[in-house]
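Asker: One structure is given below, represented as C-alpha cells, and several questions about it will come after.
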Amino acid sequence: MWFSFWRSRDRFSLDELRYLTNQLQKVQIVNDVNKDFVIEALRSIAELLTYGDQHDSSFFEFFMEKQVMGEFVRILNISRTVTVSLQLLQTISILIQNLRREHAIYYMFSNEHVNYLITYSFDFRNEELLSYYISFLRAISGKLNKNTISLLVKTQDEEVVSFPLYVEAIRFAFHEESMVRTAVRAITLNVYHVGDEFVNKFIASAPQSDYFSNLVSFFRDQCINLSKLFSERPKNPCSESVSAILAKVDEIEDNLYYFSDVISAGIPVVGSLITDNILQLLILPLLFPALQIDADSNLKIGAVTSLYLLCCILRIVKIKDLANTIAAALLYPLETFAANSEVKINGYVSGNNCTNESEEPLVDSVTLVNAGKLCVDIPNKPTSSQVHPGGIIAERDFSCSHLSLRETLLSYVTDGDDARALGSLSVLATLLQTKDGIGILPQRKQHKKLLLQALVGEGSGDEQLFSFESGSARDSFSSELDGYLKKLKEQYGVFIGGAAASPRIHRNQVLDALVKLLCRSDISAEILWDGGWLLRQLLPYSEAEFKSHHLKLLKDSYRNCRSALVQETKGIWVDLLITVLCDQWKKCKRAIEASSPRKEPKCILLPFQKLNSEDIPAESSFTAGERMSELVKVFVLLHQLQIFSLGRALTEQPPIQPQIDIPEISRARAAGLDVSGPKPGTEVKFVHALPCRIAFERGKERHFHFLAVSVGTLGWVLLAEELPLKQNYGIVRVAAPLAGTNPRIDDKHARWLHLRIRPSTLPFLDAPKSGTPGETRIKSLVDGRWTLAFRDDESCKTALSMILEEINLQNMEVERRLKPVLDLEL
C-alpha cells in the first residue's frame, strides 16, 4: 500500500518522464506483445509534459534534448497496429492543445515532424483513425499565428509552395460525415484568419483555389436535394418529410454562414472567388431560370426553393458586389437566364443536362484550365465546347420571355400562391435591407441607389415615389448600374438589349403589386402582413406623394373588409371578436413597424401550420373561427395602412368604446349575475328560468332550469339545478357560449329545442408564440349538440325567444363598442 502511494506521487516527476522515454527508445518493433505498453507510455508522456508546461520547465527541456518528437515518428513507422497510431495522434493533439509556452509550440512545429505526421499515409478506412487525424489537424490550426504558420509552410523565392496542413485538410472538405466537414471548415477558418499575405496568395492560387469552386458545387448539390425534398412533400406530407427539409435547410444555412466567415477573414481574392462561383454555378444557371412563370419541369430547382435560396444568400453572405449584381440582374428578361441555364462557367457550355428533380443530382468536378477559366466536367456527359460569352443565348421559346426578373417576382406577388407570394416578398424585402451600399430603407433618409431604382424605378414630378436631392445622385446611380451591367455581360456572359437596361421602365411596379396584393382575397392574412410591412417601408410621408389610384384601391379593399367585419358582429364568434381585434392590432402594429420582416427564410418552404383541419366540416364553428380570425387580421392591416396613408399616428390600442354596466332590466341582473359572468357552482335566481330535461348520456335524463343571459359582449346558455332549501334559486351546473348556438325547434317535436354548443375559445388563439415552421399543429375542437325538452310548446318558444333576444343584445353591444374603429373615415 505504501509503495503504491509513493509511486502515484512520483508519477509526475522528471524521473518518470526519463524512464518512459528510455523504454520507448528500446522498442524496435511494435506488435501485439508490447503495444499496450507503448500506448500507455505515449499517453503518460503527454500527461507529464502537460503537467510540466504548467509547473516545471525542465520537463519540456528534457523532451527537446532527447528529441522525443523524433521518437514518436519512429514509433509510428515501426508500428503496424492501428491502436498505436490512434494513441500517437491523440498524444500529439493533447500536447499541442495544452502547451501554453510559445517556445514549446515553436519546437513542436519545427523540425518537420508535424508536417511528416500530417502527410503520413494513414489508413483512413478506419473511421476512428480519421476522426483522430482530423482532431490532430484542428489542434494544430488552433495554434496558428503569423509566427507559427511560417514553421508549417515551405517557401521558394519568398513564395509559399507547400502548406501540408491546409492541403491535407481540404481533402476531407466534402466527406460524408458532417463532423469531419465541420472540423475541416474550422481548420480553414483558422488558416484564413491568420492573415499571412504569402499564405493567402498560396490559398487563392491554383490548384488550391479549386476548393472554393468545389465548395459552391457541393452547396449547389445540397440546394438541388432540398428542391427535391420540397417537391416530394405534397406526395408525402408527414412529419418525417418536414424534418428532412428542416435538416437540409440547416445544412444549407450552415454552408452560407461558412461562406460569410471565410469572406470576413478579409482575403479579397477569396471573396471574389466565392462571389463569382455563387453567381456562375448557382444563381445564373439555376436560381434565376427557376423563376419563370411556366418553368421547365426538368429544371433541377423549383421556383419556391429558388426564392428561399436567394433570400438566404443575400441575408447571410453579405457581399456588396453580390447584392448589387443580383439587383442589376433584376432588369434582365427571364429568357436571358433560362437560355444561360445550360452554361456552366465562364462561357463553357454542355448539352442539355437538365434532369427531373426526382433524379439524383449530378456531382460536378470543377477544374481550372490553363486559360484561367473555370470549366465543369460532368461524368458520362459529352465534352463541352467553348463559346464566346456573346453567343451564349440559345434559341429557345419561353413564355413570358419579355418579363424581367423583377416583373416576374411581382407577378408572384399579385397572382402567385401563398408560397410564391411569400417568397417574392421576402426577396424584395431582403434586397431592400441590403446595407452594403444599396437598398437603404426610406426611413433612414438616404438616397436610393441601385436596388430601389431597379425595384421601383425613377420618375419625375408628383408621380415620383422617391426623389433624389440632386442630379449627382442620379449620375452616381447610372454609372454604378452601368458598371454592374457591364460586369454581367463581360464577366458572366449575360447579354442584354439596350432597352431592357433602363431602370426607368415600369417605375411603380413594386408599389402597384403591393397594393394589388392587399386587395387579394385568395391569400393568407399572414402573407398580407408581410406585404403590409414592405408597403410601409415604401409609403411616403404624406398622401400627396401617394398616387390617388393606389389610395382608391386600398380604400375599396378596406371598405369591403369592413363590411365583412360588420357581418361578424352577428356571427358565431361575436363574443371573441373584440378580444381578437385588440390582440391582432398590437401584433400587426409591431409587425409592420418592425425594422425587419417577421419571418425567417425557411418559412417560405414550410409556412407555419397552426391547424389540423382534416375532417373539419365547412359549417363548423371551428372553420368560422378561422375565417373570423383571418378577416380581423386583414381588417387591422388595412385599417393601420389607412391611418399611415392619412398621415396619422397609430395608437397602441384600437379605438374601442369602453364596456357599460349591466342594465337593471336585463336577465343577467335579474338572475343576480355581475360582469364576471356565471361559472359552474354560481348561485342564480330563477326569475326567467324555464324547467327542462336533457340527457348527456344515453338513458340518463337530468332535470335542469334553462336560462340565456348576456353581459356586455359576452353571453351564455345556462343549465342550473334547483336548490331544495332555497326556493327560486339554483346552482349553475353547465355554462356554454351563447353565440353560435343557432337555436332551432324540432320539426316533429314542438317541445324540443336544438342548440349547437361551440368551444368557449379558439385553440389557435392560444398557440405557442414560437415554433418550428411546418410542425406546429393544433387539434380542432368539435361542436357539441344539445336537445332540450321543455314541458310544453309555449315554454319551448319562450326559450327560443329568450336566446334570440340575448344574442341580439350581445351583437348590439359588440357593434356599439366597435363603432369608432369601423368609422375611420369619419
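Ordered as shown in the C-alpha cells, chains take letters A, B, and onward, while each chain numbers its residues from 1 and ligands are numbered from 1 in the order shown.
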So that I can see what lies close to A:His703, please list as an mmCIF file with all heavy atoms, in the first residue's frame the residues with an atom at most 12 Å from it, counting only C-alpha atoms and leaving out residues fewer than 6 positions away in the same chain.
Answerer:
data_model
loop_
_atom_site.group_PDB
_atom_site.id
_atom_site.type_symbol
_atom_site.label_atom_id
_atom_site.label_comp_id
_atom_site.auth_asym_id
_atom_site.auth_seq_id
_atom_site.Cartn_x
_atom_site.Cartn_y
_atom_site.Cartn_z
ATOM 1 N N LEU A 690 -86.499 28.452 -17.173
ATOM 2 C CA LEU A 690 -87.541 27.516 -17.620
ATOM 3 C C LEU A 690 -87.089 26.090 -17.331
ATOM 4 O O LEU A 690 -85.980 25.703 -17.686
ATOM 5 C CB LEU A 690 -87.776 27.675 -19.119
ATOM 6 C CG LEU A 690 -88.279 29.056 -19.590
ATOM 7 C CD1 LEU A 690 -88.229 29.139 -21.114
ATOM 8 C CD2 LEU A 690 -89.696 29.297 -19.084
ATOM 9 N N PRO A 691 -87.973 25.284 -16.686
ATOM 10 C CA PRO A 691 -87.621 23.881 -16.426
ATOM 11 C C PRO A 691 -87.478 23.112 -17.750
ATOM 12 O O PRO A 691 -88.219 23.342 -18.701
ATOM 13 C CB PRO A 691 -88.802 23.353 -15.605
ATOM 14 C CG PRO A 691 -89.500 24.574 -15.093
ATOM 15 C CD PRO A 691 -89.295 25.638 -16.119
ATOM 16 N N CYS A 692 -86.502 22.202 -17.773
ATOM 17 C CA CYS A 692 -86.289 21.383 -18.981
ATOM 18 C C CYS A 692 -85.589 20.098 -18.578
ATOM 19 O O CYS A 692 -85.141 19.933 -17.446
ATOM 20 C CB CYS A 692 -85.467 22.143 -20.023
ATOM 21 S SG CYS A 692 -83.767 22.468 -19.505
ATOM 22 N N ARG A 693 -85.510 19.210 -19.560
ATOM 23 C CA ARG A 693 -84.816 17.939 -19.373
ATOM 24 C C ARG A 693 -83.793 17.766 -20.502
ATOM 25 O O ARG A 693 -84.007 18.212 -21.622
ATOM 26 C CB ARG A 693 -85.803 16.767 -19.405
ATOM 27 C CG ARG A 693 -86.770 16.734 -18.210
ATOM 28 C CD ARG A 693 -87.862 15.691 -18.399
ATOM 29 N NE ARG A 693 -88.807 16.083 -19.451
ATOM 30 C CZ ARG A 693 -89.063 15.373 -20.545
ATOM 31 N NH1 ARG A 693 -88.442 14.222 -20.738
ATOM 32 N NH2 ARG A 693 -89.936 15.806 -21.440
ATOM 33 N N ILE A 694 -82.651 17.109 -20.151
ATOM 34 C CA ILE A 694 -81.608 16.846 -21.160
ATOM 35 C C ILE A 694 -80.874 15.582 -20.760
ATOM 36 O O ILE A 694 -80.728 15.275 -19.566
ATOM 37 C CB ILE A 694 -80.632 18.041 -21.282
ATOM 38 C CG1 ILE A 694 -79.639 17.792 -22.435
ATOM 39 C CG2 ILE A 694 -79.886 18.285 -19.982
ATOM 40 C CD1 ILE A 694 -78.761 19.004 -22.738
ATOM 41 N N ALA A 695 -80.446 14.825 -21.743
ATOM 42 C CA ALA A 695 -79.678 13.595 -21.494
ATOM 43 C C ALA A 695 -78.290 13.766 -22.097
ATOM 44 O O ALA A 695 -78.134 13.827 -23.317
ATOM 45 C CB ALA A 695 -80.384 12.390 -22.102
ATOM 46 N N PHE A 696 -77.271 13.876 -21.249
ATOM 47 C CA PHE A 696 -75.895 13.940 -21.733
ATOM 48 C C PHE A 696 -75.341 12.545 -22.007
ATOM 49 O O PHE A 696 -74.339 12.398 -22.710
ATOM 50 C CB PHE A 696 -75.005 14.655 -20.710
ATOM 51 C CG PHE A 696 -75.315 16.126 -20.582
ATOM 52 C CD1 PHE A 696 -75.842 16.634 -19.409
ATOM 53 C CD2 PHE A 696 -75.089 17.002 -21.640
ATOM 54 C CE1 PHE A 696 -76.120 17.987 -19.277
ATOM 55 C CE2 PHE A 696 -75.366 18.355 -21.513
ATOM 56 C CZ PHE A 696 -75.890 18.856 -20.338
ATOM 57 N N LEU A 719 -77.508 25.913 -17.576
ATOM 58 C CA LEU A 719 -78.326 24.846 -17.018
ATOM 59 C C LEU A 719 -78.029 24.811 -15.525
ATOM 60 O O LEU A 719 -76.893 24.573 -15.111
ATOM 61 C CB LEU A 719 -77.997 23.500 -17.669
ATOM 62 C CG LEU A 719 -78.272 23.384 -19.176
ATOM 63 C CD1 LEU A 719 -77.875 22.002 -19.684
ATOM 64 C CD2 LEU A 719 -79.739 23.643 -19.478
ATOM 65 N N ALA A 720 -79.087 25.063 -14.710
ATOM 66 C CA ALA A 720 -78.907 25.147 -13.252
ATOM 67 C C ALA A 720 -79.805 24.150 -12.553
ATOM 68 O O ALA A 720 -80.938 23.891 -12.972
ATOM 69 C CB ALA A 720 -79.206 26.560 -12.771
ATOM 70 N N GLU A 721 -79.297 23.585 -11.457
ATOM 71 C CA GLU A 721 -80.085 22.674 -10.614
ATOM 72 C C GLU A 721 -80.736 23.471 -9.491
ATOM 73 O O GLU A 721 -80.105 24.335 -8.873
ATOM 74 C CB GLU A 721 -79.184 21.584 -10.024
ATOM 75 C CG GLU A 721 -78.863 20.465 -10.990
ATOM 76 C CD GLU A 721 -78.095 19.343 -10.322
ATOM 77 O OE1 GLU A 721 -77.439 19.618 -9.285
ATOM 78 O OE2 GLU A 721 -78.153 18.209 -10.815
ATOM 79 N N GLU A 722 -81.987 23.151 -9.229
ATOM 80 C CA GLU A 722 -82.746 23.878 -8.207
ATOM 81 C C GLU A 722 -82.215 23.554 -6.816
ATOM 82 O O GLU A 722 -81.894 22.402 -6.496
ATOM 83 C CB GLU A 722 -84.224 23.503 -8.301
ATOM 84 C CG GLU A 722 -85.124 24.330 -7.390
ATOM 85 C CD GLU A 722 -86.588 24.008 -7.604
ATOM 86 O OE1 GLU A 722 -86.876 23.065 -8.386
ATOM 87 O OE2 GLU A 722 -87.435 24.688 -6.992
ATOM 88 N N GLY A 730 -81.018 28.460 -7.742
ATOM 89 C CA GLY A 730 -80.361 27.241 -8.205
ATOM 90 C C GLY A 730 -78.852 27.439 -8.330
ATOM 91 O O GLY A 730 -78.320 28.541 -8.188
ATOM 92 N N ARG A 733 -74.779 24.398 -13.169
ATOM 93 C CA ARG A 733 -74.002 23.178 -13.375
ATOM 94 C C ARG A 733 -73.273 23.186 -14.715
ATOM 95 O O ARG A 733 -72.171 22.653 -14.834
ATOM 96 C CB ARG A 733 -74.916 21.952 -13.299
ATOM 97 C CG ARG A 733 -75.546 21.723 -11.937
ATOM 98 C CD ARG A 733 -74.500 21.609 -10.870
ATOM 99 N NE ARG A 733 -75.076 21.318 -9.557
ATOM 100 C CZ ARG A 733 -74.404 21.415 -8.424
ATOM 101 N NH1 ARG A 733 -73.138 21.828 -8.429
ATOM 102 N NH2 ARG A 733 -74.990 21.144 -7.274
ATOM 103 N N LEU A 788 -82.882 20.158 -25.756
ATOM 104 C CA LEU A 788 -83.595 20.441 -24.507
ATOM 105 C C LEU A 788 -85.085 20.134 -24.695
ATOM 106 O O LEU A 788 -85.694 20.560 -25.698
ATOM 107 C CB LEU A 788 -83.424 21.909 -24.120
ATOM 108 C CG LEU A 788 -81.976 22.393 -23.913
ATOM 109 C CD1 LEU A 788 -81.968 23.898 -23.666
ATOM 110 C CD2 LEU A 788 -81.320 21.664 -22.757
ATOM 111 N N ALA A 789 -85.631 19.383 -23.769
ATOM 112 C CA ALA A 789 -87.070 19.052 -23.797
ATOM 113 C C ALA A 789 -87.792 19.865 -22.726
ATOM 114 O O ALA A 789 -87.481 19.757 -21.527
ATOM 115 C CB ALA A 789 -87.279 17.561 -23.564
ATOM 116 N N PHE A 790 -88.754 20.716 -23.167
ATOM 117 C CA PHE A 790 -89.494 21.559 -22.239
ATOM 118 C C PHE A 790 -90.867 20.947 -21.936
ATOM 119 O O PHE A 790 -91.310 20.000 -22.599
ATOM 120 C CB PHE A 790 -89.635 22.968 -22.816
ATOM 121 C CG PHE A 790 -88.317 23.703 -22.901
ATOM 122 C CD1 PHE A 790 -87.515 23.612 -24.036
ATOM 123 C CD2 PHE A 790 -87.873 24.458 -21.824
ATOM 124 C CE1 PHE A 790 -86.307 24.280 -24.104
ATOM 125 C CE2 PHE A 790 -86.666 25.136 -21.883
ATOM 126 C CZ PHE A 790 -85.870 25.044 -23.026
ATOM 127 N N ARG A 791 -91.580 21.543 -20.975
ATOM 128 C CA ARG A 791 -92.862 20.975 -20.521
ATOM 129 C C ARG A 791 -93.937 21.068 -21.598
ATOM 130 O O ARG A 791 -94.763 20.180 -21.733
ATOM 131 C CB ARG A 791 -93.331 21.710 -19.263
ATOM 132 C CG ARG A 791 -92.467 21.440 -18.035
ATOM 133 C CD ARG A 791 -92.953 22.263 -16.840
ATOM 134 N NE ARG A 791 -92.172 21.987 -15.638
ATOM 135 C CZ ARG A 791 -92.329 22.610 -14.483
ATOM 136 N NH1 ARG A 791 -93.252 23.573 -14.372
ATOM 137 N NH2 ARG A 791 -91.581 22.303 -13.436
#
Asker: Skipping near chain neighbours, those fewer than 4 positions away, what residues fall within 10 Å of A:Asp321 using only C-alpha atoms, listed as a list in words?
Answerer: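 Listed by chain and then number, they are Gly271, Ser272, Thr275, Asp276, Thr325, Ile326, Ala327, Asp436, Gly437 and Tyr484 of chain A.
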Asker: Using only C-alpha atoms, determine which residues lie at most 6 Å from stretch 248-265 of chain A, disregarding the query and same-chain residues fewer than 2 positions distant; provide the list as number ranges by chain.
Answerer: A: 192-193, 245-246, 267, 271, 317
Asker: Run DSSP on the backbone and give me the residues of stretch 74-302 of chain A it puts in alpha helix (DSSP H), as a PyMOL selection string.
Answerer: chain A and resi 74-78+82-98+102-109+113-119+127-141+164-170+178-192+197-203+210-232+239-264+268-277
